[in-house]
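Pasted below: protein_4.cif, mmCIF, C-alpha atoms, pLDDT in the B column; chains and numbers go by the auth columns.
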data_protein
#
loop_
_atom_site.group_PDB
_atom_site.id
_atom_site.type_symbol
_atom_site.label_atom_id
_atom_site.label_comp_id
_atom_site.label_asym_id
_atom_site.label_seq_id
_atom_site.Cartn_x
_atom_site.Cartn_y
_atom_site.Cartn_z
_atom_site.B_iso_or_equiv
_atom_site.auth_seq_id
_atom_site.auth_asym_id
ATOM 1 C CA MET A 1 -1.382 -50.043 6.162 45.00 1406 S
ATOM 2 C CA GLU A 2 -1.565 -46.465 4.932 46.00 1407 S
ATOM 3 C CA MET A 3 1.450 -44.322 5.784 47.00 1408 S
ATOM 4 C CA GLN A 4 2.230 -40.633 5.481 48.00 1409 S
ATOM 5 C CA SER A 5 3.777 -39.561 2.166 54.00 1410 S
ATOM 6 C CA ALA A 6 6.991 -38.756 4.072 73.00 1411 S
ATOM 7 C CA PHE A 7 7.702 -42.494 4.224 93.00 1412 S
ATOM 8 C CA LYS A 8 8.240 -43.232 0.531 95.00 1413 S
ATOM 9 C CA LYS A 9 11.065 -45.709 1.113 97.00 1414 S
ATOM 10 C CA TYR A 10 8.888 -47.613 3.556 97.00 1415 S
ATOM 11 C CA ASP A 11 5.979 -47.578 1.079 96.00 1416 S
ATOM 12 C CA ARG A 12 8.110 -49.103 -1.690 96.00 1417 S
ATOM 13 C CA CYS A 13 9.502 -51.677 0.712 97.00 1418 S
ATOM 14 C CA ALA A 14 5.968 -52.570 1.846 97.00 1419 S
ATOM 15 C CA ARG A 15 4.903 -53.209 -1.758 97.00 1420 S
ATOM 16 C CA ASP A 16 7.954 -55.410 -2.343 97.00 1421 S
ATOM 17 C CA PHE A 17 7.326 -57.317 0.886 97.00 1422 S
ATOM 18 C CA ALA A 18 3.655 -57.895 0.038 96.00 1423 S
ATOM 19 C CA GLN A 19 4.710 -59.372 -3.314 97.00 1424 S
ATOM 20 C CA TYR A 20 7.285 -61.572 -1.595 98.00 1425 S
ATOM 21 C CA ALA A 21 4.727 -62.931 0.885 97.00 1426 S
ATOM 22 C CA LYS A 22 2.399 -63.894 -1.982 96.00 1427 S
ATOM 23 C CA GLN A 23 4.910 -66.569 -3.007 96.00 1428 S
ATOM 24 C CA TYR A 24 3.817 -68.562 0.046 97.00 1429 S
ATOM 25 C CA ASP A 25 0.587 -70.451 0.674 95.00 1430 S
ATOM 26 C CA ILE A 26 -1.742 -67.996 2.443 91.00 1431 S
ATOM 27 C CA SER A 27 -4.146 -70.882 3.145 94.00 1432 S
ATOM 28 C CA ASP A 28 -1.502 -72.301 5.498 92.00 1433 S
ATOM 29 C CA PRO A 29 -2.549 -71.068 8.984 89.00 1434 S
ATOM 30 C CA GLN A 30 1.080 -70.475 9.949 90.00 1435 S
ATOM 31 C CA ILE A 31 1.679 -68.261 6.912 94.00 1436 S
ATOM 32 C CA ALA A 32 -1.592 -66.378 7.498 93.00 1437 S
ATOM 33 C CA LEU A 33 -0.650 -65.874 11.134 92.00 1438 S
ATOM 34 C CA LYS A 34 2.694 -64.288 10.169 94.00 1439 S
ATOM 35 C CA VAL A 35 1.155 -61.999 7.571 96.00 1440 S
ATOM 36 C CA LYS A 36 -1.323 -60.712 10.165 95.00 1441 S
ATOM 37 C CA HIS A 37 1.382 -60.428 12.831 96.00 1442 S
ATOM 38 C CA THR A 38 3.609 -58.414 10.492 98.00 1443 S
ATOM 39 C CA TRP A 39 1.028 -55.713 9.864 97.00 1444 S
ATOM 40 C CA LYS A 40 -0.031 -55.633 13.520 97.00 1445 S
ATOM 41 C CA VAL A 41 3.586 -55.035 14.574 98.00 1446 S
ATOM 42 C CA VAL A 42 3.791 -52.177 12.059 98.00 1447 S
ATOM 43 C CA GLU A 43 0.669 -50.635 13.638 98.00 1448 S
ATOM 44 C CA VAL A 44 2.106 -50.931 17.145 98.00 1449 S
ATOM 45 C CA MET A 45 5.419 -49.488 15.958 98.00 1450 S
ATOM 46 C CA LYS A 46 3.658 -46.453 14.526 97.00 1451 S
ATOM 47 C CA GLU A 47 1.976 -45.844 17.900 97.00 1452 S
ATOM 48 C CA ILE A 48 5.261 -46.135 19.781 98.00 1453 S
ATOM 49 C CA CYS A 49 7.075 -43.782 17.397 98.00 1454 S
ATOM 50 C CA GLN A 50 4.299 -41.206 17.709 97.00 1455 S
ATOM 51 C CA SER A 51 4.328 -41.458 21.514 97.00 1456 S
ATOM 52 C CA LEU A 52 8.090 -40.799 21.529 97.00 1457 S
ATOM 53 C CA HIS A 53 7.834 -37.964 18.955 98.00 1458 S
ATOM 54 C CA LEU A 54 10.559 -39.524 16.838 98.00 1459 S
ATOM 55 C CA ASP A 55 11.789 -37.740 13.715 97.00 1460 S
ATOM 56 C CA ASP A 56 10.709 -38.922 10.273 96.00 1461 S
ATOM 57 C CA GLN A 57 13.955 -40.728 9.431 97.00 1462 S
ATOM 58 C CA THR A 58 13.956 -42.751 12.641 98.00 1463 S
ATOM 59 C CA THR A 59 10.232 -43.478 12.277 98.00 1464 S
ATOM 60 C CA GLU A 60 10.662 -44.677 8.694 98.00 1465 S
ATOM 61 C CA GLU A 61 13.509 -46.979 9.707 98.00 1466 S
ATOM 62 C CA ALA A 62 11.458 -48.257 12.656 98.00 1467 S
ATOM 63 C CA LEU A 63 8.401 -48.979 10.503 98.00 1468 S
ATOM 64 C CA THR A 64 10.579 -50.763 7.952 98.00 1469 S
ATOM 65 C CA THR A 65 12.168 -52.845 10.711 98.00 1470 S
ATOM 66 C CA ALA A 66 8.691 -53.788 11.948 98.00 1471 S
ATOM 67 C CA LEU A 67 7.641 -54.742 8.435 98.00 1472 S
ATOM 68 C CA LEU A 68 10.668 -56.985 7.853 98.00 1473 S
ATOM 69 C CA HIS A 69 11.478 -58.334 11.312 98.00 1474 S
ATOM 70 C CA ASP A 70 9.925 -61.756 10.585 98.00 1475 S
ATOM 71 C CA ALA A 71 10.670 -61.924 6.855 98.00 1476 S
ATOM 72 C CA GLY A 72 12.418 -65.240 7.419 98.00 1477 S
ATOM 73 C CA ARG A 73 9.405 -66.861 9.060 97.00 1478 S
ATOM 74 C CA PHE A 74 7.819 -67.648 5.679 97.00 1479 S
ATOM 75 C CA GLU A 75 10.829 -69.640 4.535 97.00 1480 S
ATOM 76 C CA GLN A 76 11.096 -71.226 7.987 97.00 1481 S
ATOM 77 C CA VAL A 77 7.562 -72.576 7.666 95.00 1482 S
ATOM 78 C CA ALA A 78 8.134 -73.669 4.064 96.00 1483 S
ATOM 79 C CA ARG A 79 11.316 -75.584 4.966 96.00 1484 S
ATOM 80 C CA TRP A 80 10.653 -76.881 8.465 95.00 1485 S
ATOM 81 C CA HIS A 81 6.874 -76.459 9.038 91.00 1486 S
ATOM 82 C CA THR A 82 7.449 -74.972 12.497 90.00 1487 S
ATOM 83 C CA PHE A 83 8.002 -71.668 14.294 90.00 1488 S
ATOM 84 C CA ILE A 84 10.194 -73.357 16.903 86.00 1489 S
ATOM 85 C CA ASP A 85 13.713 -72.046 16.235 92.00 1490 S
ATOM 86 C CA ALA A 86 15.322 -74.867 18.212 88.00 1491 S
ATOM 87 C CA LYS A 87 13.789 -77.346 15.753 89.00 1492 S
ATOM 88 C CA SER A 88 14.666 -75.360 12.638 95.00 1493 S
ATOM 89 C CA THR A 89 16.830 -72.220 12.560 97.00 1494 S
ATOM 90 C CA ASP A 90 17.215 -68.814 14.207 97.00 1495 S
ATOM 91 C CA HIS A 91 14.366 -66.982 12.480 97.00 1496 S
ATOM 92 C CA ALA A 92 15.879 -63.542 13.107 98.00 1497 S
ATOM 93 C CA LYS A 93 19.153 -64.521 11.433 98.00 1498 S
ATOM 94 C CA LEU A 94 17.178 -66.026 8.551 98.00 1499 S
ATOM 95 C CA SER A 95 15.098 -62.835 8.322 98.00 1500 S
ATOM 96 C CA ALA A 96 18.232 -60.710 7.942 98.00 1501 S
ATOM 97 C CA GLU A 97 19.468 -63.071 5.216 98.00 1502 S
ATOM 98 C CA VAL A 98 16.132 -62.880 3.347 98.00 1503 S
ATOM 99 C CA ILE A 99 16.122 -59.073 3.586 98.00 1504 S
ATOM 100 C CA GLU A 100 19.565 -58.879 1.982 98.00 1505 S
ATOM 101 C CA LYS A 101 18.818 -61.525 -0.650 98.00 1506 S
ATOM 102 C CA GLU A 102 15.557 -59.868 -1.716 98.00 1507 S
ATOM 103 C CA GLY A 103 17.010 -56.342 -1.714 98.00 1508 S
ATOM 104 C CA PHE A 104 14.178 -54.977 0.428 98.00 1509 S
ATOM 105 C CA LEU A 105 16.366 -52.133 1.706 98.00 1510 S
ATOM 106 C CA LYS A 106 17.748 -50.981 -1.640 97.00 1511 S
ATOM 107 C CA ASP A 107 16.294 -47.469 -1.221 97.00 1512 S
ATOM 108 C CA PHE A 108 17.993 -46.906 2.147 98.00 1513 S
ATOM 109 C CA SER A 109 21.520 -45.653 2.795 98.00 1514 S
ATOM 110 C CA ALA A 110 24.205 -48.159 3.747 98.00 1515 S
ATOM 111 C CA GLN A 111 24.129 -46.858 7.326 98.00 1516 S
ATOM 112 C CA ALA A 112 20.348 -47.223 7.572 98.00 1517 S
ATOM 113 C CA GLN A 113 20.494 -50.715 6.077 98.00 1518 S
ATOM 114 C CA ASN A 114 23.050 -51.712 8.699 98.00 1519 S
ATOM 115 C CA ARG A 115 20.876 -50.351 11.529 98.00 1520 S
ATOM 116 C CA ILE A 116 17.756 -52.143 10.290 98.00 1521 S
ATOM 117 C CA LEU A 117 19.572 -55.449 9.730 98.00 1522 S
ATOM 118 C CA LYS A 118 21.086 -55.335 13.214 98.00 1523 S
ATOM 119 C CA ALA A 119 17.707 -54.582 14.787 98.00 1524 S
ATOM 120 C CA VAL A 120 16.123 -57.497 12.918 98.00 1525 S
ATOM 121 C CA PHE A 121 18.962 -59.851 13.885 98.00 1526 S
ATOM 122 C CA TRP A 122 18.729 -58.967 17.592 98.00 1527 S
ATOM 123 C CA HIS A 123 14.946 -58.761 17.918 98.00 1528 S
ATOM 124 C CA ASN A 124 14.486 -62.306 19.257 97.00 1529 S
ATOM 125 C CA LYS A 125 17.580 -62.629 21.448 97.00 1530 S
ATOM 126 C CA LEU A 126 17.531 -62.670 25.261 95.00 1531 S
ATOM 127 C CA ALA A 127 19.115 -59.192 25.309 96.00 1532 S
ATOM 128 C CA ILE A 128 20.738 -56.742 22.916 97.00 1533 S
ATOM 129 C CA PRO A 129 24.535 -56.302 23.029 97.00 1534 S
ATOM 130 C CA GLN A 130 26.064 -53.375 24.862 96.00 1535 S
ATOM 131 C CA ASP A 131 28.247 -52.275 21.951 97.00 1536 S
ATOM 132 C CA LEU A 132 25.431 -51.061 19.681 98.00 1537 S
ATOM 133 C CA SER A 133 25.469 -47.369 18.810 98.00 1538 S
ATOM 134 C CA PRO A 134 22.689 -45.233 20.362 98.00 1539 S
ATOM 135 C CA GLU A 135 20.835 -45.238 17.034 98.00 1540 S
ATOM 136 C CA GLU A 136 21.191 -49.011 16.645 98.00 1541 S
ATOM 137 C CA ALA A 137 20.129 -49.646 20.233 98.00 1542 S
ATOM 138 C CA LEU A 138 17.038 -47.439 19.840 98.00 1543 S
ATOM 139 C CA LEU A 139 15.908 -49.310 16.735 98.00 1544 S
ATOM 140 C CA ALA A 140 16.532 -52.659 18.409 98.00 1545 S
ATOM 141 C CA LYS A 141 14.531 -51.647 21.489 98.00 1546 S
ATOM 142 C CA LEU A 142 11.686 -50.322 19.352 98.00 1547 S
ATOM 143 C CA ILE A 143 11.238 -53.547 17.388 98.00 1548 S
ATOM 144 C CA ARG A 144 11.545 -55.708 20.491 98.00 1549 S
ATOM 145 C CA ASP A 145 8.736 -53.736 22.172 98.00 1550 S
ATOM 146 C CA ALA A 146 6.468 -53.642 19.121 98.00 1551 S
ATOM 147 C CA ASP A 147 6.976 -57.352 18.457 98.00 1552 S
ATOM 148 C CA LYS A 148 6.335 -58.395 22.067 98.00 1553 S
ATOM 149 C CA THR A 149 3.188 -56.282 22.272 98.00 1554 S
ATOM 150 C CA ASP A 150 1.608 -58.183 19.399 97.00 1555 S
ATOM 151 C CA ILE A 151 2.974 -61.560 20.502 96.00 1556 S
ATOM 152 C CA PHE A 152 0.708 -61.219 23.554 96.00 1557 S
ATOM 153 C CA ARG A 153 -2.248 -60.954 21.133 96.00 1558 S
ATOM 154 C CA VAL A 154 -1.012 -63.926 19.102 93.00 1559 S
ATOM 155 C CA PHE A 155 -0.528 -65.881 22.338 91.00 1560 S
ATOM 156 C CA ALA A 156 -4.143 -65.224 23.343 93.00 1561 S
ATOM 157 C CA GLN A 157 -5.912 -65.525 20.001 88.00 1562 S
ATOM 158 C CA GLU A 158 -4.011 -67.983 17.846 77.00 1563 S
ATOM 159 C CA ASP A 159 -3.373 -71.720 18.023 68.00 1564 S
ATOM 160 C CA VAL A 160 -1.549 -72.497 21.277 64.00 1565 S
ATOM 161 C CA GLN A 161 0.062 -75.592 19.793 65.00 1566 S
ATOM 162 C CA ALA A 162 1.776 -73.551 17.083 62.00 1567 S
ATOM 163 C CA ALA A 163 3.900 -71.827 19.735 64.00 1568 S
ATOM 164 C CA ALA A 164 4.096 -74.338 22.568 66.00 1569 S
ATOM 165 C CA GLU A 165 3.493 -77.657 20.771 75.00 1570 S
ATOM 166 C CA SER A 166 1.066 -78.770 23.495 87.00 1571 S
ATOM 167 C CA THR A 167 -2.663 -78.386 23.991 89.00 1572 S
ATOM 168 C CA VAL A 168 -4.113 -76.324 26.825 91.00 1573 S
ATOM 169 C CA ASP A 169 -5.294 -79.547 28.488 93.00 1574 S
ATOM 170 C CA GLN A 170 -1.758 -80.934 28.371 95.00 1575 S
ATOM 171 C CA ILE A 171 -0.261 -77.720 29.743 95.00 1576 S
ATOM 172 C CA ALA A 172 -2.785 -77.780 32.602 97.00 1577 S
ATOM 173 C CA LEU A 173 -1.053 -80.942 33.842 98.00 1578 S
ATOM 174 C CA MET A 174 2.463 -79.460 33.754 98.00 1579 S
ATOM 175 C CA GLU A 175 4.566 -77.842 36.454 98.00 1580 S
ATOM 176 C CA ILE A 176 6.746 -74.748 36.184 98.00 1581 S
ATOM 177 C CA THR A 177 10.463 -75.501 36.201 98.00 1582 S
ATOM 178 C CA PRO A 178 11.946 -74.066 39.448 98.00 1583 S
ATOM 179 C CA LYS A 179 14.653 -72.072 37.615 98.00 1584 S
ATOM 180 C CA VAL A 180 12.020 -70.507 35.354 98.00 1585 S
ATOM 181 C CA TYR A 181 9.848 -69.555 38.337 98.00 1586 S
ATOM 182 C CA GLU A 182 12.825 -68.073 40.208 98.00 1587 S
ATOM 183 C CA GLU A 183 13.924 -65.998 37.238 98.00 1588 S
ATOM 184 C CA PHE A 184 10.395 -64.751 36.648 98.00 1589 S
ATOM 185 C CA MET A 185 9.932 -63.687 40.279 98.00 1590 S
ATOM 186 C CA ALA A 186 13.285 -61.878 40.070 98.00 1591 S
ATOM 187 C CA SER A 187 11.811 -59.855 37.172 98.00 1592 S
ATOM 188 C CA HIS A 188 14.170 -61.412 34.637 98.00 1593 S
ATOM 189 C CA SER A 189 13.566 -62.557 31.072 97.00 1594 S
ATOM 190 C CA ILE A 190 13.602 -66.326 30.694 97.00 1595 S
ATOM 191 C CA ASN A 191 16.528 -67.982 28.948 96.00 1596 S
ATOM 192 C CA LYS A 192 15.294 -70.526 26.399 93.00 1597 S
ATOM 193 C CA ASP A 193 17.863 -73.022 27.689 94.00 1598 S
ATOM 194 C CA ASP A 194 16.141 -73.038 31.099 97.00 1599 S
ATOM 195 C CA ARG A 195 12.753 -74.064 29.704 96.00 1600 S
ATOM 196 C CA ARG A 196 11.779 -77.713 30.092 95.00 1601 S
ATOM 197 C CA ASN A 197 8.151 -77.842 28.961 94.00 1602 S
ATOM 198 C CA SER A 198 5.349 -75.931 27.248 93.00 1603 S
ATOM 199 C CA LEU A 199 4.186 -74.251 30.448 95.00 1604 S
ATOM 200 C CA ASP A 200 7.678 -72.791 30.765 96.00 1605 S
ATOM 201 C CA ILE A 201 7.174 -71.342 27.266 93.00 1606 S
ATOM 202 C CA TRP A 202 3.962 -69.675 28.477 95.00 1607 S
ATOM 203 C CA VAL A 203 5.872 -68.204 31.426 97.00 1608 S
ATOM 204 C CA SER A 204 8.669 -66.970 29.166 96.00 1609 S
ATOM 205 C CA ILE A 205 6.106 -65.091 27.066 95.00 1610 S
ATOM 206 C CA LEU A 206 4.670 -63.535 30.226 97.00 1611 S
ATOM 207 C CA ALA A 207 8.208 -62.471 31.147 98.00 1612 S
ATOM 208 C CA PHE A 208 8.490 -60.454 27.928 98.00 1613 S
ATOM 209 C CA PHE A 209 7.311 -57.483 29.970 98.00 1614 S
ATOM 210 C CA TYR A 210 10.629 -57.431 31.844 98.00 1615 S
ATOM 211 C CA ASP A 211 12.472 -56.634 28.616 97.00 1616 S
ATOM 212 C CA MET A 212 10.120 -53.885 27.416 97.00 1617 S
ATOM 213 C CA ASN A 213 11.523 -50.380 27.198 96.00 1618 S
ATOM 214 C CA PHE A 214 8.767 -47.897 26.362 96.00 1619 S
ATOM 215 C CA ALA A 215 5.779 -46.934 28.489 93.00 1620 S
ATOM 216 C CA CYS A 216 3.484 -46.743 25.442 94.00 1621 S
ATOM 217 C CA ALA A 217 4.052 -50.404 24.593 96.00 1622 S
ATOM 218 C CA MET A 218 3.791 -51.614 28.187 96.00 1623 S
ATOM 219 C CA LYS A 219 0.611 -49.604 28.744 95.00 1624 S
ATOM 220 C CA LYS A 220 -0.999 -50.969 25.575 96.00 1625 S
ATOM 221 C CA ALA A 221 -0.143 -54.566 26.439 97.00 1626 S
ATOM 222 C CA ARG A 222 -1.311 -54.127 30.030 96.00 1627 S
ATOM 223 C CA GLU A 223 -4.640 -52.628 28.979 95.00 1628 S
ATOM 224 C CA GLN A 224 -5.316 -55.331 26.372 96.00 1629 S
ATOM 225 C CA LYS A 225 -4.748 -58.056 29.007 96.00 1630 S
ATOM 226 C CA TYR A 226 -3.970 -60.684 26.375 96.00 1631 S
ATOM 227 C CA TYR A 227 -1.055 -61.838 28.526 97.00 1632 S
ATOM 228 C CA ARG A 228 -3.465 -63.095 31.212 96.00 1633 S
ATOM 229 C CA GLN A 229 -5.943 -64.898 29.022 94.00 1634 S
ATOM 230 C CA HIS A 230 -4.565 -68.444 28.984 94.00 1635 S
ATOM 231 C CA PHE A 231 -3.471 -68.311 32.610 96.00 1636 S
ATOM 232 C CA ASP A 232 -6.893 -67.087 33.745 96.00 1637 S
ATOM 233 C CA HIS A 233 -8.773 -69.754 31.786 94.00 1638 S
ATOM 234 C CA THR A 234 -6.615 -72.786 32.520 96.00 1639 S
ATOM 235 C CA ASP A 235 -7.497 -75.016 35.456 97.00 1640 S
ATOM 236 C CA PHE A 236 -4.053 -76.186 36.549 98.00 1641 S
ATOM 237 C CA ALA A 237 -4.196 -79.680 38.044 98.00 1642 S
ATOM 238 C CA ASN A 238 -1.384 -79.138 40.518 98.00 1643 S
ATOM 239 C CA PRO A 239 -2.402 -76.728 43.347 98.00 1644 S
ATOM 240 C CA ASP A 240 1.224 -75.611 43.683 98.00 1645 S
ATOM 241 C CA THR A 241 1.311 -74.665 40.005 98.00 1646 S
ATOM 242 C CA ALA A 242 -1.960 -72.759 40.335 98.00 1647 S
ATOM 243 C CA GLN A 243 -0.544 -70.878 43.323 98.00 1648 S
ATOM 244 C CA LYS A 244 2.677 -70.047 41.472 98.00 1649 S
ATOM 245 C CA VAL A 245 0.699 -68.710 38.503 98.00 1650 S
ATOM 246 C CA LYS A 246 -1.300 -66.482 40.866 98.00 1651 S
ATOM 247 C CA GLU A 247 1.905 -65.208 42.478 98.00 1652 S
ATOM 248 C CA MET A 248 3.536 -64.538 39.123 98.00 1653 S
ATOM 249 C CA LEU A 249 0.607 -62.524 37.797 98.00 1654 S
ATOM 250 C CA GLU A 250 0.465 -60.480 41.002 98.00 1655 S
ATOM 251 C CA HIS A 251 4.224 -59.880 40.898 98.00 1656 S
ATOM 252 C CA LEU A 252 4.121 -58.876 37.225 98.00 1657 S
ATOM 253 C CA GLU A 253 1.280 -56.407 37.672 97.00 1658 S
ATOM 254 C CA GLN A 254 2.983 -54.813 40.679 97.00 1659 S
ATOM 255 C CA TYR A 255 6.087 -54.487 38.495 97.00 1660 S
ATOM 256 C CA LEU A 256 4.060 -52.862 35.710 95.00 1661 S
ATOM 257 C CA ASP A 257 2.341 -50.463 38.136 92.00 1662 S
ATOM 258 C CA ALA A 258 5.759 -49.343 39.355 92.00 1663 S
ATOM 259 C CA LYS A 259 7.073 -48.911 35.797 90.00 1664 S
ATOM 260 C CA MET A 260 4.032 -46.850 34.843 83.00 1665 S
ATOM 261 C CA GLU A 261 4.773 -44.456 37.700 81.00 1666 S
ATOM 262 C CA GLU A 262 8.378 -43.847 36.636 76.00 1667 S
#

Take the structure from the file and write it as structure tokens.
Amino acid sequence: MEMQSAFKKYDRCARDFAQYAKQYDISDPQIALKVKHTWKVVEVMKEICQSLHLDDQTTEEALTTALLHDAGRFEQVARWHTFIDAKSTDHAKLSAEVIEKEGFLKDFSAQAQNRILKAVFWHNKLAIPQDLSPEEALLAKLIRDADKTDIFRVFAQEDVQAAAESTVDQIALMEITPKVYEEFMASHSINKDDRRNSLDIWVSILAFFYDMNFACAMKKAREQKYYRQHFDHTDFANPDTAQKVKEMLEHLEQYLDAKMEE
């Protein structure tokens, strides 16, 4: 992705990252998926930063965070052959470790390195901690929004089994766990510990909207409509499940309409 000349530290980091990724088998669909996702998240991040009129330093740190947020995914696939953290390791923690080991941030100040590493570490958690500095919290919110926006695309376009470990036909036979449904309808993010099946994973992805912070990201994701695709094209066997899905989509879009008006 071509960047402005103001972002020289990002440019050098991008070259180093591209070389790092070449160590892994690009013919592996999981590796190819993560390479594509990385650059898509960088594109979304650039749009968000421009919409917020962020200064060059913050933008460069944000773009670098987007570039490196899933750096550990490559090693995760190589070691465990899965993207499921519960069956392998916390990919955000591993990403921070890879970033430090590979020296990707060598051109940045110690303070900037700390901000980027914290944002990467917290990007996949249920929520960010309250004790982050304003600068750290901003970077963490930016990467969480950019990442979620492209995860909706991945969810719609890529192999469902890679994320949920079930086929669409299998998920069509499942029911939503009551706790997951209740949390969703309360406009809450879904705790991974509350999920009991692959349909719950679908619902937890849909609930990403409740943790998004910036209108630009929410608007982009809403307009793309990737989040609806599997729900709209799956014939759920249980009428109660089909009704719950309808209610959840209606609730979510009312929530988004209200957020867009704020």

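Nearest-residue note for Ala1471 in chain S: choosing from S:Lys1546, S:Lys1511, S:Lys1492, S:Lys1649, the minimum distance belongs to S:Lys1546, counting all atoms listed in the file.
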
Taking the file as shown, what set of residues would the PyMOL selection byres ((chain S and resi 1464) around 12) give back, as a ChimeraX atom specification?
/S:1408-1409,1411-1415,1447,1450-1463,1465-1471,1517,1521,1540,1543-1544,1547-1548

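CA of Asp1645 in chain S to CA of Leu1604 in chain S spans 13.6 Å [interatomic distance, one decimal].
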
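The two atoms in question, CA of Asn1602 in chain S and CA of Pro1534 in chain S, are spaced 27.7 Å apart.
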
Near-Val1503 in chain S list (10 Å; only C-alpha atoms; drop same-chain fewer than 6 positions) as a short mmCIF file (atom, residue, chain, number, x, y, z; two decimals) with C-alpha atoms, keeping the file's coordinate frame:
data_model
loop_
_atom_site.label_atom_id
_atom_site.label_comp_id
_atom_site.auth_asym_id
_atom_site.auth_seq_id
_atom_site.Cartn_x
_atom_site.Cartn_y
_atom_site.Cartn_z
CA LEU S 1473 10.67 -56.98 7.85
CA ASP S 1475 9.93 -61.76 10.58
CA ALA S 1476 10.67 -61.92 6.86
CA GLY S 1477 12.42 -65.24 7.42
CA ARG S 1478 9.40 -66.86 9.06
CA PHE S 1479 7.82 -67.65 5.68
CA GLU S 1480 10.83 -69.64 4.54
CA ALA S 1497 15.88 -63.54 13.11
CA PHE S 1509 14.18 -54.98 0.43
#

Excluding Phe1422 in chain S and residues on its chain fewer than 3 positions from it, collect all residues at most 10 Å away from it, counting only C-alpha atoms, and give them as JSON, numbers by chain.
{"S": [1416, 1417, 1418, 1419, 1425, 1426, 1427, 1472, 1473, 1476, 1504, 1507, 1509]}

On this structure, which residues satisfy the PyMOL selection byres ((chain S and resi 1587) around 12), written as a PyMOL selection string?
chain S and resi 1581-1586+1588-1596+1599+1605+1608-1609+1612+1649+1652-1653+1656

Quick one: everything within 10 Å of Gln1481 in chain S, counting all atoms listed in the file, minus sequence neighbours fewer than 2 positions away in the same chain. Send it as a list in words.
Ile1436, Asp1475, Ala1476, Gly1477, Arg1478, Phe1479, Ala1483, Arg1484, Trp1485, His1486, Thr1487, Phe1488, Ile1489, Asp1490, Ser1493, Thr1494, Asp1495, His1496, Leu1499 and Ser1500 of chain S

Go ahead and write the selection's residues with C-alpha atoms as a CSV table (one decimal), in the coordinates of the input.
chain,number,residue,atom,x,y,z
S,1436,ILE,CA,1.7,-68.3,6.9
S,1475,ASP,CA,9.9,-61.8,10.6
S,1476,ALA,CA,10.7,-61.9,6.9
S,1477,GLY,CA,12.4,-65.2,7.4
S,1478,ARG,CA,9.4,-66.9,9.1
S,1479,PHE,CA,7.8,-67.6,5.7
S,1483,ALA,CA,8.1,-73.7,4.1
S,1484,ARG,CA,11.3,-75.6,5.0
S,1485,TRP,CA,10.7,-76.9,8.5
S,1486,HIS,CA,6.9,-76.5,9.0
S,1487,THR,CA,7.4,-75.0,12.5
S,1488,PHE,CA,8.0,-71.7,14.3
S,1489,ILE,CA,10.2,-73.4,16.9
S,1490,ASP,CA,13.7,-72.0,16.2
S,1493,SER,CA,14.7,-75.4,12.6
S,1494,THR,CA,16.8,-72.2,12.6
S,1495,ASP,CA,17.2,-68.8,14.2
S,1496,HIS,CA,14.4,-67.0,12.5
S,1499,LEU,CA,17.2,-66.0,8.6
S,1500,SER,CA,15.1,-62.8,8.3

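As for CA of Glu1667 in chain S and CA of Leu1531 in chain S, they are spaced 23.8 Å apart.
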
Selection under test: the PyMOL selection byres ((chain S and resi 1446) around 7); residues as a PyMOL selection string
chain S and resi 1442-1445+1447-1450+1471+1551-1552+1555

Please write out, as AutoDock Vina command-line options, where the centre of an axis-aligned box around all listed atoms of range 1479-1483 of chain S lies and how long its edges are, in Å to one decimal, after adding 4 Å on each side.
--center_x 9.3 --center_y -70.7 --center_z 6.0 --size_x 11.5 --size_y 14.0 --size_z 11.9

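With only the atoms specified (only C-alpha atoms) counting, those residues at most 6 Å away from (15.2, -55.5, 25.7) are Ala1532, Lys1546, Asp1616 and Met1617 of chain S.
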
Step by step: start from the point (-0.1, -65.0, 29.3) in the file's coordinates, keep every protein, DNA or RNA residue that has an atom no farther than 7 Å from it, count all atoms listed in the file, and write the set as a list in words.
Phe1557, Trp1607, Ile1610, Leu1611, Tyr1631, Tyr1632, Arg1633, Gln1634, His1635 and Phe1636 of chain S

Need the shell around Phe1526 in chain S: protein/DNA/RNA residues with any atom at most 7 Å away, counting all atoms listed in the file. Skip same-chain ones fewer than 3 positions apart. Format as a PyMOL selection string?
chain S and resi 1497-1498+1501+1522-1523

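The closest residue to Asn1643 in chain S, picked from S:Glu1502, S:Asp1421, S:Asp1536, S:Glu1580 and counting only C-alpha atoms, is S:Glu1580.
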